[in-house]
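S.K.: Let me begin by handing over the structure; questions about it come next.
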Amino acid sequence: MLTERQGDRLPQWLDVVRQDDLPSLHTLATGIDRDRDALKRQMFGRADFGLLRKWVLLAP
């Protein structure tokens, strides 16, 4: 998903993870959802794709 830049498949992947019997992956999925929501709030109305790409690539 990452190497082929198929980020649009993330929601479906998260749904599949939640249906599996792997509690540690459930925790990962919950964390990803929280991060996505925070990113949306933080970047709302401020950036185009170019700035978002730089922000993600240069994040510590």
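Residue names in the structure tokens use chain letters A, B, ... in the order shown, residue numbers from 1 in each chain, and ligand numbers from 1 in the order shown.
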Assign secondary structure with DSSP using the backbone only, and return the residues of region 4-47 of chain A in helix (DSSP H, G or I) as number ranges by chain.

M.R.: A: 7-19, 23-43

S.K.: Counting only C-alpha atoms, what is within 10 Å of region 21-35 of chain A, bar same-chain residues fewer than 6 positions away, as a list in words?

M.R.: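 Listed by chain and then number, they are Leu10, Pro11, Trp13, Leu14, Asp15 and Arg41 of chain A.
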
S.K.: Using Å and a single decimal, report how far CA of Leu39 (chain A) sits from CA of Ala59 (chain A).

M.R.: 12.4 Å

S.K.: For a test of reading the model, state the distance in Å between CA of Arg36 (chain A) and CA of Gln19 (chain A), rounded to one decimal.

M.R.: 19.9 Å

S.K.: So what do you get for CA of Lys40 (chain A) versus CA of Val56 (chain A), distance-wise?

M.R.: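 CA of Lys40 (chain A) sits 12.8 Å away from CA of Val56 (chain A).
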